[in-house]
file query_31.csv (CSV, C-alpha atoms)
chain,number,residue,atom,x,y,z
A,374,MET,CA,126.3,11.1,-7.0
A,375,LYS,CA,129.3,12.9,-8.4
A,376,LYS,CA,128.9,11.1,-11.7
A,377,LEU,CA,125.2,12.2,-12.0
A,378,LYS,CA,126.2,15.8,-11.2
A,379,ALA,CA,128.8,15.8,-13.8
A,380,GLN,CA,126.4,14.3,-16.4
A,381,ALA,CA,123.8,17.0,-15.6
A,382,SER,CA,126.4,19.7,-15.9
A,383,MET,CA,127.5,18.3,-19.2
A,384,ILE,CA,124.0,18.1,-20.6
A,385,GLU,CA,123.4,21.7,-19.4
A,386,HIS,CA,126.4,22.9,-21.3
A,387,ILE,CA,125.5,21.0,-24.4
A,388,LEU,CA,122.0,22.5,-24.3
A,389,MET,CA,123.4,26.0,-23.8
A,390,VAL,CA,125.8,25.6,-26.7
A,391,PHE,CA,122.9,24.2,-28.8
A,392,PHE,CA,120.6,27.2,-28.0
A,393,ILE,CA,123.4,29.7,-28.7
A,394,VAL,CA,124.1,28.1,-32.1
A,395,VAL,CA,120.4,28.2,-32.9
A,396,ILE,CA,120.2,31.9,-31.9
A,397,ILE,CA,123.3,32.7,-34.0
A,398,ILE,CA,121.8,30.9,-37.1
A,399,ALA,CA,118.4,32.6,-36.6
A,400,LEU,CA,120.1,36.0,-36.2
A,401,MET,CA,122.1,35.4,-39.4
A,402,ILE,CA,119.0,34.4,-41.4
A,403,PHE,CA,117.1,37.4,-39.9
A,404,LEU,CA,119.8,39.8,-40.8
A,405,THR,CA,120.3,38.4,-44.3
A,406,ASN,CA,116.5,38.7,-44.9
A,407,PHE,CA,116.5,42.2,-43.5
A,408,GLN,CA,119.4,43.1,-45.9
A,409,PHE,CA,117.5,41.7,-48.9
A,410,SER,CA,114.2,43.5,-47.9
A,411,GLN,CA,116.2,46.7,-47.4
A,412,MET,CA,117.6,46.4,-50.9
A,413,GLU,CA,114.1,45.7,-52.3
A,414,MET,CA,112.8,48.7,-50.4
A,415,GLU,CA,115.6,50.9,-51.8
A,416,LYS,CA,114.8,49.6,-55.3
A,417,LYS,CA,111.1,50.3,-54.9
A,418,LYS,CA,111.9,53.7,-53.5
A,419,THR,CA,114.0,54.5,-56.6
A,420,TRP,CA,111.2,53.3,-58.9
A,421,SER,CA,108.6,55.3,-56.9
A,422,GLU,CA,110.8,58.4,-57.0
A,423,ARG,CA,111.3,58.1,-60.7
A,424,SER,CA,107.6,57.6,-61.3
A,425,LEU,CA,106.7,60.7,-59.2
A,426,ALA,CA,109.4,62.7,-60.9
A,427,LEU,CA,108.1,61.7,-64.3
A,428,GLY,CA,104.6,62.8,-63.3
A,429,LYS,CA,105.9,66.1,-62.1
A,430,LYS,CA,107.9,66.5,-65.3
A,431,PHE,CA,104.8,65.8,-67.5
A,432,MET,CA,102.7,68.2,-65.6
A,433,ASN,CA,105.2,71.0,-66.1
A,434,SER,CA,107.0,70.2,-69.3
A,435,GLN,CA,106.8,72.6,-72.3
A,436,PHE,CA,106.0,69.5,-74.4
A,437,THR,CA,102.8,68.8,-72.5
A,438,ALA,CA,101.6,71.6,-70.3
A,439,LYS,CA,100.1,75.0,-70.9
A,440,LYS,CA,101.1,76.1,-67.4
A,441,GLU,CA,102.1,74.5,-64.1
A,442,SER,CA,99.9,71.4,-63.4
A,443,MET,CA,97.7,72.1,-66.5
A,444,LEU,CA,98.2,69.9,-69.5
A,445,GLU,CA,97.1,71.1,-73.0
A,446,ASP,CA,95.2,68.7,-75.3
A,447,ALA,CA,96.9,70.1,-78.5
A,448,LYS,CA,100.4,69.5,-77.1
A,449,LEU,CA,99.5,65.9,-75.9
A,450,ALA,CA,98.1,65.2,-79.4
A,451,SER,CA,101.3,66.5,-81.0
A,452,LEU,CA,103.3,64.0,-78.9
A,453,LEU,CA,101.4,61.2,-80.7
A,454,GLY,CA,103.3,62.2,-83.8
A,455,PHE,CA,106.7,61.6,-82.1
A,456,THR,CA,108.4,58.3,-82.5
A,457,CYS,CA,109.1,56.3,-79.3
A,458,GLN,CA,112.8,57.0,-79.7
A,459,GLU,CA,112.2,60.7,-79.8
A,460,LEU,CA,110.0,60.4,-76.6
A,461,GLU,CA,112.8,58.4,-75.0
A,462,ASN,CA,115.3,61.2,-75.8
A,463,ILE,CA,113.1,63.7,-74.0
A,464,PHE,CA,111.7,61.7,-71.1
A,465,GLY,CA,114.0,58.7,-70.7
A,466,ALA,CA,113.3,55.0,-71.0
A,467,GLY,CA,111.0,52.4,-69.5
A,468,TRP,CA,107.9,54.6,-68.7
A,469,PHE,CA,104.3,55.1,-69.7
A,470,MET,CA,101.8,57.8,-69.3
A,471,GLU,CA,98.0,58.0,-69.5
A,472,VAL,CA,95.8,61.1,-69.4
A,473,LYS,CA,92.1,60.8,-69.1
A,474,ILE,CA,89.5,63.7,-69.0
A,475,PHE,CA,86.3,63.5,-67.0
A,476,ASP,CA,83.9,65.0,-69.5
A,477,SER,CA,80.2,64.8,-70.0
A,478,SER,CA,80.4,61.9,-72.5
A,479,GLY,CA,81.2,59.4,-69.8
A,480,MET,CA,83.1,57.3,-72.3
A,481,VAL,CA,86.8,56.8,-73.0
A,482,ILE,CA,87.6,58.1,-76.5
A,483,PRO,CA,91.3,57.4,-77.2
A,484,CYS,CA,93.2,59.9,-79.2
A,485,ARG,CA,95.1,58.2,-82.1
A,486,SER,CA,96.3,61.1,-84.2
A,487,PRO,CA,97.6,64.6,-83.7
A,488,ASP,CA,94.7,66.1,-85.6
A,489,SER,CA,91.7,64.8,-83.7
A,490,PHE,CA,92.5,66.1,-80.3
A,491,SER,CA,89.2,68.0,-79.8
A,492,ALA,CA,87.0,64.9,-80.2
A,493,CYS,CA,88.9,62.6,-77.9
A,494,ASN,CA,89.5,62.4,-74.1
A,495,TYR,CA,92.2,59.8,-73.5
A,496,TRP,CA,95.9,59.9,-74.4
A,497,SER,CA,98.4,57.0,-73.9
A,498,LEU,CA,102.1,57.4,-74.5
A,499,SER,CA,105.1,55.2,-73.7
A,500,SER,CA,108.8,54.8,-74.4
A,501,CYS,CA,110.2,52.2,-76.8
A,502,SER,CA,111.3,49.8,-74.2
A,503,ALA,CA,107.9,49.7,-72.4
A,504,ALA,CA,106.7,46.1,-72.9
A,505,GLY,CA,104.0,45.9,-70.2
A,506,GLY,CA,104.3,43.9,-67.1
A,507,LYS,CA,105.1,44.9,-63.5
A,508,ASN,CA,105.3,48.6,-62.9
A,509,VAL,CA,105.2,51.3,-60.3
A,510,SER,CA,102.7,54.0,-61.1
A,511,TYR,CA,101.0,57.0,-59.6
A,512,ILE,CA,97.7,58.7,-60.5
A,513,PHE,CA,97.2,62.4,-59.9
A,514,PRO,CA,94.3,64.8,-60.6
A,515,VAL,CA,95.2,67.3,-63.2
A,516,ASN,CA,93.7,70.0,-65.4
A,517,ILE,CA,93.6,69.7,-69.2
A,518,TYR,CA,93.2,72.8,-71.2
A,519,ARG,CA,90.9,72.2,-74.3
A,520,LYS,CA,92.3,74.5,-76.9
A,521,MET,CA,89.4,74.3,-79.2
A,522,PHE,CA,86.8,75.1,-76.6
A,523,GLU,CA,89.0,77.4,-74.5
A,524,ARG,CA,88.1,75.7,-71.3
A,525,SER,CA,89.9,73.8,-68.6
A,526,ASP,CA,88.6,70.4,-67.7
A,527,ILE,CA,89.6,68.1,-64.9
A,528,GLY,CA,91.0,64.6,-65.3
A,529,THR,CA,93.8,62.3,-64.2
A,530,ILE,CA,97.4,61.6,-65.2
A,531,LYS,CA,98.9,58.2,-64.6
A,532,THR,CA,102.6,57.9,-64.9
A,533,GLY,CA,104.6,54.8,-64.3
A,534,VAL,CA,107.9,53.1,-64.7
A,535,TYR,CA,108.4,49.4,-65.6
A,536,ILE,CA,110.1,47.3,-63.0
A,537,SER,CA,113.0,45.3,-64.5
B,1397,MET,CA,156.1,0.0,28.3
B,1398,LYS,CA,156.3,-0.6,24.6
B,1399,MET,CA,152.8,-2.2,24.6
B,1400,LYS,CA,151.3,0.7,26.5
B,1401,ASN,CA,152.7,3.2,23.9
B,1402,VAL,CA,151.3,1.2,21.0
B,1403,GLU,CA,148.0,1.0,22.7
B,1404,ASN,CA,147.9,4.9,23.3
B,1405,ALA,CA,148.9,5.7,19.7
B,1406,PHE,CA,146.2,3.4,18.4
B,1407,GLY,CA,143.7,5.0,20.8
B,1408,ILE,CA,144.5,8.5,19.6
B,1409,LYS,CA,144.3,7.4,16.0
B,1410,PHE,CA,140.9,5.8,16.6
B,1411,VAL,CA,139.6,8.9,18.2
B,1412,LEU,CA,140.8,11.1,15.4
B,1413,LEU,CA,139.2,8.7,12.9
B,1414,LYS,CA,135.9,9.0,14.7
B,1415,VAL,CA,136.1,12.8,14.8
B,1416,LYS,CA,136.8,12.8,11.1
B,1417,ASN,CA,133.7,10.6,10.3
B,1418,ALA,CA,131.6,12.8,12.5
B,1419,ILE,CA,132.6,15.9,10.6
B,1420,LYS,CA,132.0,14.2,7.3
B,1421,ILE,CA,128.4,13.2,8.4
B,1422,VAL,CA,127.6,16.7,9.6
B,1423,SER,CA,128.9,18.4,6.4
B,1424,GLU,CA,126.9,15.9,4.3
B,1425,LYS,CA,123.8,16.7,6.3
B,1426,ASN,CA,124.1,20.4,5.5
B,1427,LYS,CA,124.4,19.8,1.8
B,1428,PRO,CA,121.2,20.5,-0.2
B,1429,ILE,CA,119.0,17.4,-0.7
B,1430,PHE,CA,119.0,17.6,-4.6
B,1431,PRO,CA,122.1,19.5,-5.6
B,1432,GLU,CA,121.7,18.8,-9.3
B,1433,LYS,CA,118.3,20.7,-9.4
B,1434,SER,CA,119.8,24.3,-9.1
B,1435,GLY,CA,121.8,23.7,-12.3
B,1436,PHE,CA,118.6,22.5,-14.1
B,1437,HIS,CA,116.7,25.7,-13.0
B,1438,LYS,CA,119.6,27.8,-14.3
B,1439,ALA,CA,119.4,26.2,-17.8
B,1440,GLN,CA,115.6,26.7,-17.9
B,1441,THR,CA,115.9,30.4,-17.1
B,1442,THR,CA,118.6,30.8,-19.7
B,1443,ALA,CA,116.4,29.1,-22.4
B,1444,VAL,CA,113.5,31.3,-21.6
B,1445,LEU,CA,115.6,34.4,-21.7
B,1446,LEU,CA,117.0,33.4,-25.1
B,1447,LEU,CA,113.5,32.8,-26.5
B,1448,LEU,CA,112.5,36.3,-25.3
B,1449,VAL,CA,115.4,37.9,-27.1
B,1450,ILE,CA,114.4,36.1,-30.4
B,1451,ILE,CA,110.8,37.2,-30.0
B,1452,ILE,CA,111.9,40.8,-29.4
B,1453,PHE,CA,114.2,40.9,-32.4
B,1454,ALA,CA,111.5,39.4,-34.7
B,1455,GLY,CA,108.9,41.8,-33.4
B,1456,LEU,CA,111.2,44.8,-33.9
B,1457,GLY,CA,111.9,43.8,-37.5
B,1458,VAL,CA,108.2,43.4,-38.4
B,1459,PHE,CA,107.4,46.7,-36.7
B,1460,LEU,CA,110.1,48.6,-38.6
B,1461,LEU,CA,109.1,47.1,-42.0
B,1462,SER,CA,105.4,47.9,-41.4
B,1463,MET,CA,106.3,51.5,-40.4
B,1464,ALA,CA,108.2,52.1,-43.6
B,1465,LYS,CA,105.3,51.1,-45.9
B,1466,GLU,CA,102.8,53.3,-44.0
B,1467,VAL,CA,104.9,56.5,-44.4
B,1468,SER,CA,105.1,56.4,-48.2
B,1469,GLN,CA,101.4,55.9,-48.7
B,1470,THR,CA,100.6,58.9,-46.5
B,1471,GLU,CA,103.0,61.1,-48.5
B,1472,TYR,CA,101.4,60.0,-51.7
B,1473,MET,CA,97.9,60.8,-50.4
B,1474,GLN,CA,99.1,64.2,-49.2
B,1475,LEU,CA,100.4,65.0,-52.7
B,1476,TYR,CA,97.2,63.6,-54.3
B,1477,THR,CA,95.0,65.8,-52.0
B,1478,ASN,CA,97.0,69.0,-52.8
B,1479,GLN,CA,96.8,68.3,-56.5
B,1480,LEU,CA,93.1,67.5,-56.2
B,1481,LEU,CA,92.2,70.8,-54.6
B,1482,LEU,CA,94.3,72.8,-57.0
B,1483,SER,CA,92.8,71.0,-60.0
B,1484,MET,CA,89.2,71.4,-58.8
B,1485,LEU,CA,89.5,75.1,-58.2
B,1486,ARG,CA,90.9,75.6,-61.7
B,1487,THR,CA,88.1,73.6,-63.4
B,1488,ASP,CA,85.6,75.3,-65.7
B,1489,THR,CA,82.0,75.3,-64.5
B,1490,GLY,CA,80.5,75.8,-67.9
B,1491,TYR,CA,79.4,79.4,-67.3
B,1492,THR,CA,81.3,82.1,-69.1
B,1493,GLU,CA,80.9,85.1,-66.9
B,1494,ASN,CA,83.9,86.1,-64.7
B,1495,ASP,CA,82.1,85.5,-61.4
B,1496,CYS,CA,81.2,81.9,-62.2
B,1497,ARG,CA,83.7,80.7,-64.9
B,1498,LEU,CA,86.0,78.6,-62.7
B,1499,LEU,CA,85.1,76.8,-59.5
B,1500,ALA,CA,87.4,79.2,-57.7
B,1501,ASP,CA,85.4,82.1,-59.2
B,1502,ALA,CA,82.1,80.6,-58.0
B,1503,VAL,CA,83.6,80.2,-54.4
B,1504,SER,CA,84.9,83.7,-54.5
B,1505,CYS,CA,81.5,84.9,-55.7
B,1506,VAL,CA,79.9,83.6,-52.5
B,1507,TYR,CA,82.0,85.9,-50.4
B,1508,PHE,CA,82.8,88.9,-52.7
B,1509,VAL,CA,79.7,89.2,-54.8
B,1510,HIS,CA,76.7,87.6,-53.1
B,1511,PRO,CA,75.8,84.0,-52.2
B,1512,ASN,CA,72.5,84.3,-54.1
B,1513,TYR,CA,74.0,85.8,-57.2
B,1514,ARG,CA,72.7,83.9,-60.2
B,1515,CYS,CA,75.2,82.6,-62.7
B,1516,GLY,CA,74.2,83.0,-66.3
B,1517,GLY,CA,71.4,85.3,-65.3
B,1518,SER,CA,68.8,82.6,-64.5
B,1519,GLY,CA,71.1,79.7,-63.5
B,1520,PRO,CA,72.0,78.4,-60.1
B,1521,THR,CA,73.3,80.7,-57.4
B,1522,CYS,CA,77.1,80.9,-56.8
B,1523,PHE,CA,76.5,79.0,-53.6
B,1524,ASP,CA,74.6,76.2,-55.2
B,1525,LEU,CA,76.9,76.0,-58.2
B,1526,ALA,CA,80.0,75.8,-56.1
B,1527,SER,CA,78.5,73.1,-53.8
B,1528,SER,CA,77.2,70.9,-56.6
B,1529,GLU,CA,80.4,71.2,-58.7
B,1530,ILE,CA,82.5,70.3,-55.7
B,1531,GLU,CA,80.4,67.3,-54.8
B,1532,GLY,CA,80.2,66.2,-58.4
B,1533,LEU,CA,84.0,66.4,-59.0
B,1534,LEU,CA,85.0,64.6,-55.8
B,1535,GLN,CA,82.8,61.6,-56.8
B,1536,LYS,CA,84.8,61.2,-60.0
B,1537,PHE,CA,88.0,60.2,-58.3
B,1538,GLU,CA,88.5,56.5,-57.6
B,1539,MET,CA,91.4,57.1,-55.2
B,1540,ILE,CA,89.2,58.9,-52.6
B,1541,LYS,CA,86.2,56.6,-52.8
B,1542,GLY,CA,85.7,55.4,-49.2
B,1543,TYR,CA,87.1,58.7,-47.8
B,1544,LYS,CA,84.9,61.2,-46.0
B,1545,TYR,CA,85.6,64.8,-47.1
B,1546,LEU,CA,85.0,68.3,-45.9
B,1547,LEU,CA,85.8,71.5,-47.9
B,1548,THR,CA,85.6,74.7,-45.9
B,1549,VAL,CA,86.3,78.3,-46.9
B,1550,LYS,CA,87.4,80.8,-44.3
B,1551,PRO,CA,88.0,84.5,-44.9
B,1552,ILE,CA,91.3,85.8,-43.5
B,1553,GLY,CA,91.2,89.2,-41.9
B,1554,PHE,CA,87.6,90.1,-42.7
B,1555,VAL,CA,84.1,88.9,-41.9
B,1556,PRO,CA,81.6,88.9,-44.8
B,1557,HIS,CA,78.0,89.7,-43.8
B,1558,SER,CA,74.8,89.3,-45.8
B,1559,GLU,CA,72.1,92.0,-45.9
B,1560,THR,CA,70.3,90.4,-43.0
B,1561,GLY,CA,73.5,90.6,-41.0
B,1562,GLU,CA,74.3,86.9,-41.1
B,1563,ILE,CA,77.8,85.8,-41.4
B,1564,THR,CA,78.5,84.1,-44.8
B,1565,GLU,CA,79.8,80.6,-44.4
B,1566,PHE,CA,80.5,78.0,-47.1
B,1567,SER,CA,81.4,74.4,-46.6
B,1568,VAL,CA,80.7,71.1,-48.4
B,1569,GLY,CA,80.8,67.6,-47.0
B,1570,ASN,CA,81.0,65.9,-43.6
B,1571,SER,CA,81.2,68.6,-40.9
B,1572,SER,CA,82.3,66.1,-38.2
B,1573,LEU,CA,85.7,66.0,-39.9
B,1574,GLU,CA,86.4,69.5,-38.5
B,1575,ASP,CA,86.7,68.2,-34.9
B,1576,LEU,CA,87.9,64.7,-35.8
B,1577,LYS,CA,91.0,63.7,-33.8
B,1578,GLY,CA,92.1,60.7,-35.8
B,1579,PHE,CA,94.3,60.5,-38.9
B,1580,LYS,CA,93.3,63.0,-41.7
B,1581,ILE,CA,94.8,64.5,-44.8
B,1582,ALA,CA,94.4,68.2,-45.4
B,1583,ALA,CA,95.3,70.6,-48.3
B,1584,THR,CA,94.8,74.3,-48.5
B,1585,GLN,CA,94.7,76.9,-51.3
B,1586,LYS,CA,94.4,80.6,-51.1
B,1587,LEU,CA,92.0,82.7,-53.2
B,1588,GLU,CA,92.8,86.4,-53.4
B,1589,ARG,CA,90.8,89.3,-54.6
B,1590,THR,CA,91.8,92.9,-54.8
B,1591,THR,CA,89.1,95.5,-54.6
B,1592,SER,CA,89.0,99.2,-54.2
B,1593,THR,CA,88.9,98.7,-50.4
B,1594,GLY,CA,91.9,96.4,-50.3
B,1595,GLN,CA,93.2,92.9,-50.8
B,1596,PHE,CA,91.1,90.0,-49.4
B,1597,ILE,CA,92.1,86.4,-49.0
B,1598,LEU,CA,90.0,83.2,-48.7
B,1599,ASP,CA,91.5,80.1,-47.2
B,1600,VAL,CA,90.1,77.0,-48.9
B,1601,ARG,CA,90.7,73.8,-47.1
B,1602,LEU,CA,90.0,70.2,-48.2
B,1603,VAL,CA,90.2,67.5,-45.5
B,1604,LEU,CA,90.0,63.8,-46.2
B,1605,ALA,CA,89.6,61.0,-43.7
B,1606,LYS,CA,88.6,57.3,-43.8

call {"tool": "encode", "arguments": {"input": "query_31.csv", "output": "structure tokens"}}
result
Amino acid sequence: MKKLKAQASMIEHILMVFFIVVIIIALMIFLTNFQFSQMEMEKKKTWSERSLALGKKFMNSQFTAKKESMLEDAKLASLLGFTCQELENIFGAGWFMEVKIFDSSGMVIPCRSPDSFSACNYWSLSSCSAAGGKNVSYIFPVNIYRKMFERSDIGTIKTGVYIS
Amino acid sequence: MKMKNVENAFGIKFVLLKVKNAIKIVSEKNKPIFPEKSGFHKAQTTAVLLLLVIIIFAGLGVFLLSMAKEVSQTEYMQLYTNQLLLSMLRTDTGYTENDCRLLADAVSCVYFVHPNYRCGGSGPTCFDLASSEIEGLLQKFEMIKGYKYLLTVKPIGFVPHSETGEITEFSVGNSSLEDLKGFKIAATQKLERTTSTGQFILDVRLVLAK
């Protein structure tokens, strides 16, 4: 009887220790994963903040905007004549920007030179180090002032940063 | 004499032994029938408690992570809606006269000129132009496809009447959003006009909800 009691008590203790060790290991794995996901979230937050800040900068910069939150097509066209290094000097590295106007044509007509800004409705700019791939981007509605026609159209601006 | 003493000592010892055995039997009778079972129950309870702790921790972690994601999407949609309303109001309608040039002018025209004022002389009324422009513009944005919208205009500090005495009201979209209790995103812009009788303000509000 005493022998059985001692055996049961020993098994109980072994099981308890086993469970506690399992809990500790599970907690360690959980906390490590939590740390990694927190770091990932911080990274994503940094990229998101940079992408949003870039969008705000483009919407208000003297290089692109006529006034606050209103881009100007002539200014966007003139940026097409800048080299990517010059763009990086102004706006930093690892980004891209796309501006699209919703006009009556219904088509996407890309602007390729600084001279043809009145006939096109889509601008795409990026820094030198922008090589495509994963990115964090945001789209916002924006006005684009058409200098030739002296009217303000509506469109979207998409700004993004590439994730390293 | 000696024999008698030995017999007595032996007798006392025998009685003592009997009493001892009797006490042993009684105490064994009072012991629980399966003493090892209480230890087993204790181990079971502990195991269940430990499992509960693990489940609570895991659930808490999942909940916290899901909450974080939700907040940033809401902030983005709020910024998007603010920018959408501002951009829409500053968009050209295609008419060149001051009362109908921008969408904001057409909306102001409904309250400060007349809802039936015809833009371009023979074109649509301010009211119809503003309504059609707003509906047309909102459909162009992919981000809000799937959202219900309501754009309302409320005068602040004054009540505009038509000639028949009716109160002028302008709104476009799903009117049920006004009283909707669930999650919705709202943006407001103010339109001001200064006349000889004073300064008047219109509160333009755009509400989006899924």

call {"tool": "residues_around", "arguments": {"input": "query_31.csv", "residues": "Leu1480 of chain B", "least_positions_apart": "2", "cutoff": "8 Å", "atoms": "all atoms listed in the file", "output": "short mmCIF file (atom, residue, chain, number, x, y, z; two decimals) with C-alpha atoms, in the frame of the given file"}}
result
data_model
loop_
_atom_site.label_atom_id
_atom_site.label_comp_id
_atom_site.auth_asym_id
_atom_site.auth_seq_id
_atom_site.Cartn_x
_atom_site.Cartn_y
_atom_site.Cartn_z
CA PHE A 513 97.20 62.40 -59.90
CA PRO A 514 94.30 64.80 -60.60
CA VAL A 515 95.20 67.30 -63.20
CA TYR B 1476 97.20 63.60 -54.30
CA THR B 1477 95.00 65.80 -52.00
CA ASN B 1478 97.00 69.00 -52.80
CA LEU B 1482 94.30 72.80 -57.00
CA SER B 1483 92.80 71.00 -60.00
CA MET B 1484 89.20 71.40 -58.80
#

call {"tool": "closest_atom_pairs", "arguments": {"input": "query_31.csv", "of": "chain A", "to": "chain B", "cutoff": "7 Å", "atoms": "all atoms listed in the file", "output": "Markdown table"}}
result
| residue | atom | partner | partner_atom | distance |
| --- | --- | --- | --- | --- |
| A:Lys378 | CA | B:Glu1432 | CA | 5.7 |
| A:Ala381 | CA | B:Glu1432 | CA | 6.9 |
| A:Glu385 | CA | B:Ala1439 | CA | 6.2 |
| A:Phe513 | CA | B:Tyr1476 | CA | 5.7 |
| A:Pro514 | CA | B:Leu1480 | CA | 5.3 |
| A:Val515 | CA | B:Ser1483 | CA | 5.4 |
| A:Asn516 | CA | B:Ser1483 | CA | 5.6 |
| A:Arg524 | CA | B:Asp1488 | CA | 6.1 |
| A:Ser525 | CA | B:Asp1488 | CA | 5.4 |
| A:Asp526 | CA | B:Thr1487 | CA | 5.4 |
| A:Ile527 | CA | B:Thr1487 | CA | 5.9 |

call {"tool": "closest_residue", "arguments": {"input": "query_31.csv", "among": "A:Ser477, A:Ile536, A:Ser434, A:Ser510", "to": "Glu413 of chain A", "atoms": "only C-alpha atoms"}}
result
A:Ile536

call {"tool": "residues_near_point", "arguments": {"input": "query_31.csv", "point": "(87.1, 87.4, -50.2)", "cutoff": "7 Å", "atoms": "all atoms listed in the file", "output": "list in words"}}
result
Ser1504, Tyr1507, Phe1508, Pro1551, Glu1588, Arg1589, Phe1596, Ile1597 and Leu1598 of chain B

call {"tool": "residues_near_point", "arguments": {"input": "query_31.csv", "point": "(100.7, 62.0, -84.1)", "cutoff": "9 Å", "atoms": "only C-alpha atoms", "output": "ChimeraX atom specification"}}
result
/A:450-456,485-488

call {"tool": "closest_residue", "arguments": {"input": "query_31.csv", "among": "B:Gln1469, B:Asn1417, B:Thr1548, B:Thr1441", "to": "Thr1584 of chain B", "atoms": "only C-alpha atoms"}}
result
B:Thr1548

call {"tool": "atom_distance", "arguments": {"input": "query_31.csv", "atom1": "atom CA of Cys457 of chain A", "atom2": "atom CA of Thr419 of chain A"}}
result
23.3 Å

call {"tool": "residues_around", "arguments": {"input": "query_31.csv", "residues": "Leu425 of chain A", "least_positions_apart": "3", "cutoff": "12 Å", "atoms": "only C-alpha atoms", "output": "PyMOL selection string"}}
result
(chain A and resi 418-422+428-432+468+470+509-513+530-534) or (chain B and resi 1468+1471-1472+1475-1476)

call {"tool": "write_last_selection", "arguments": {"input": "query_31.csv", "atoms": "C-alpha atoms", "output": "compact mmCIF listing (two decimals), in the frame of the given file"}}
result
# COMPACT_ATOMS: atom_id res chain seq x y z
CA LYS A 418 111.90 53.70 -53.50
CA THR A 419 114.00 54.50 -56.60
CA TRP A 420 111.20 53.30 -58.90
CA SER A 421 108.60 55.30 -56.90
CA GLU A 422 110.80 58.40 -57.00
CA GLY A 428 104.60 62.80 -63.30
CA LYS A 429 105.90 66.10 -62.10
CA LYS A 430 107.90 66.50 -65.30
CA PHE A 431 104.80 65.80 -67.50
CA MET A 432 102.70 68.20 -65.60
CA TRP A 468 107.90 54.60 -68.70
CA MET A 470 101.80 57.80 -69.30
CA VAL A 509 105.20 51.30 -60.30
CA SER A 510 102.70 54.00 -61.10
CA TYR A 511 101.00 57.00 -59.60
CA ILE A 512 97.70 58.70 -60.50
CA PHE A 513 97.20 62.40 -59.90
CA ILE A 530 97.40 61.60 -65.20
CA LYS A 531 98.90 58.20 -64.60
CA THR A 532 102.60 57.90 -64.90
CA GLY A 533 104.60 54.80 -64.30
CA VAL A 534 107.90 53.10 -64.70
CA SER B 1468 105.10 56.40 -48.20
CA GLU B 1471 103.00 61.10 -48.50
CA TYR B 1472 101.40 60.00 -51.70
CA LEU B 1475 100.40 65.00 -52.70
CA TYR B 1476 97.20 63.60 -54.30

call {"tool": "atom_distance", "arguments": {"input": "query_31.csv", "atom1": "atom CA of Tyr495 of chain A", "atom2": "atom CA of Ile474 of chain A"}}
result
6.5 Å

call {"tool": "axis_aligned_box", "arguments": {"input": "query_31.csv", "around": "segment 477-495 of chain A", "padding_each_side": "4 Å", "output": "AutoDock Vina command-line options"}}
result
--center_x 88.9 --center_y 62.4 --center_z -77.7 --size_x 25.4 --size_y 19.2 --size_z 23.8

call {"tool": "closest_residue", "arguments": {"input": "query_31.csv", "among": "B:Ile1552, B:Cys1515, B:Ile1408, B:Val1568", "to": "Gly1532 of chain B", "atoms": "only C-alpha atoms"}}
result
B:Val1568

call {"tool": "atom_distance", "arguments": {"input": "query_31.csv", "atom1": "atom CA of Leu388 of chain A", "atom2": "atom CA of Ile1452 of chain B"}}
result
21.5 Å

call {"tool": "closest_residue", "arguments": {"input": "query_31.csv", "among": "B:Ile1451, B:Val1603, B:Ile1563, B:Val1506", "to": "Asp1575 of chain B", "atoms": "all atoms listed in the file"}}
result
B:Val1603

call {"tool": "closest_residue", "arguments": {"input": "query_31.csv", "among": "A:Ile396, A:Cys501, A:Leu444, A:Cys493", "to": "Glu461 of chain A", "atoms": "only C-alpha atoms"}}
result
A:Cys501

call {"tool": "residues_around", "arguments": {"input": "query_31.csv", "residues": "Phe1579 of chain B", "least_positions_apart": "2", "cutoff": "8 Å", "atoms": "only C-alpha atoms", "output": "number ranges by chain"}}
result
B: 1577, 1581, 1605

call {"tool": "residues_around", "arguments": {"input": "query_31.csv", "residues": "Tyr1491 of chain B", "least_positions_apart": "6", "cutoff": "12 Å", "atoms": "all atoms listed in the file", "output": "list in words"}}
result
Arg524 and Ser525 of chain A; Arg1497, Leu1498, Leu1499, Asp1501, Ala1502, Arg1514, Cys1515, Gly1516, Gly1517, Ser1518, Gly1519, Pro1520, Thr1521, Cys1522, Leu1525, Ala1526 and Glu1529 of chain B

call {"tool": "decode", "arguments": {"input": "query_31.csv", "residues": "segment 1545-1549 of chain B", "atoms": "N, CA, C and O atoms", "output": "JSON list (two decimals), in the first residue's frame"}}
result
[["chain", "number", "residue", "atom", "x", "y", "z"],
["B", 1545, "TYR", "N", -22.57, 55.57, -49.44],
["B", 1545, "TYR", "CA", -22.15, 56.94, -49.11],
["B", 1545, "TYR", "C", -23.36, 57.85, -48.93],
["B", 1545, "TYR", "O", -24.46, 57.58, -49.43],
["B", 1546, "LEU", "N", -23.10, 58.93, -48.23],
["B", 1546, "LEU", "CA", -24.12, 59.96, -48.06],
["B", 1546, "LEU", "C", -23.40, 61.30, -47.93],
["B", 1546, "LEU", "O", -22.54, 61.47, -47.06],
["B", 1547, "LEU", "N", -23.73, 62.22, -48.83],
["B", 1547, "LEU", "CA", -23.17, 63.56, -48.74],
["B", 1547, "LEU", "C", -24.31, 64.50, -48.39],
["B", 1547, "LEU", "O", -25.31, 64.55, -49.09],
["B", 1548, "THR", "N", -24.16, 65.23, -47.29],
["B", 1548, "THR", "CA", -25.22, 66.15, -46.85],
["B", 1548, "THR", "C", -24.62, 67.55, -46.72],
["B", 1548, "THR", "O", -23.44, 67.72, -46.46],
["B", 1549, "VAL", "N", -25.50, 68.52, -46.90],
["B", 1549, "VAL", "CA", -25.08, 69.92, -46.73],
["B", 1549, "VAL", "C", -26.03, 70.56, -45.72],
["B", 1549, "VAL", "O", -27.25, 70.50, -45.90]]
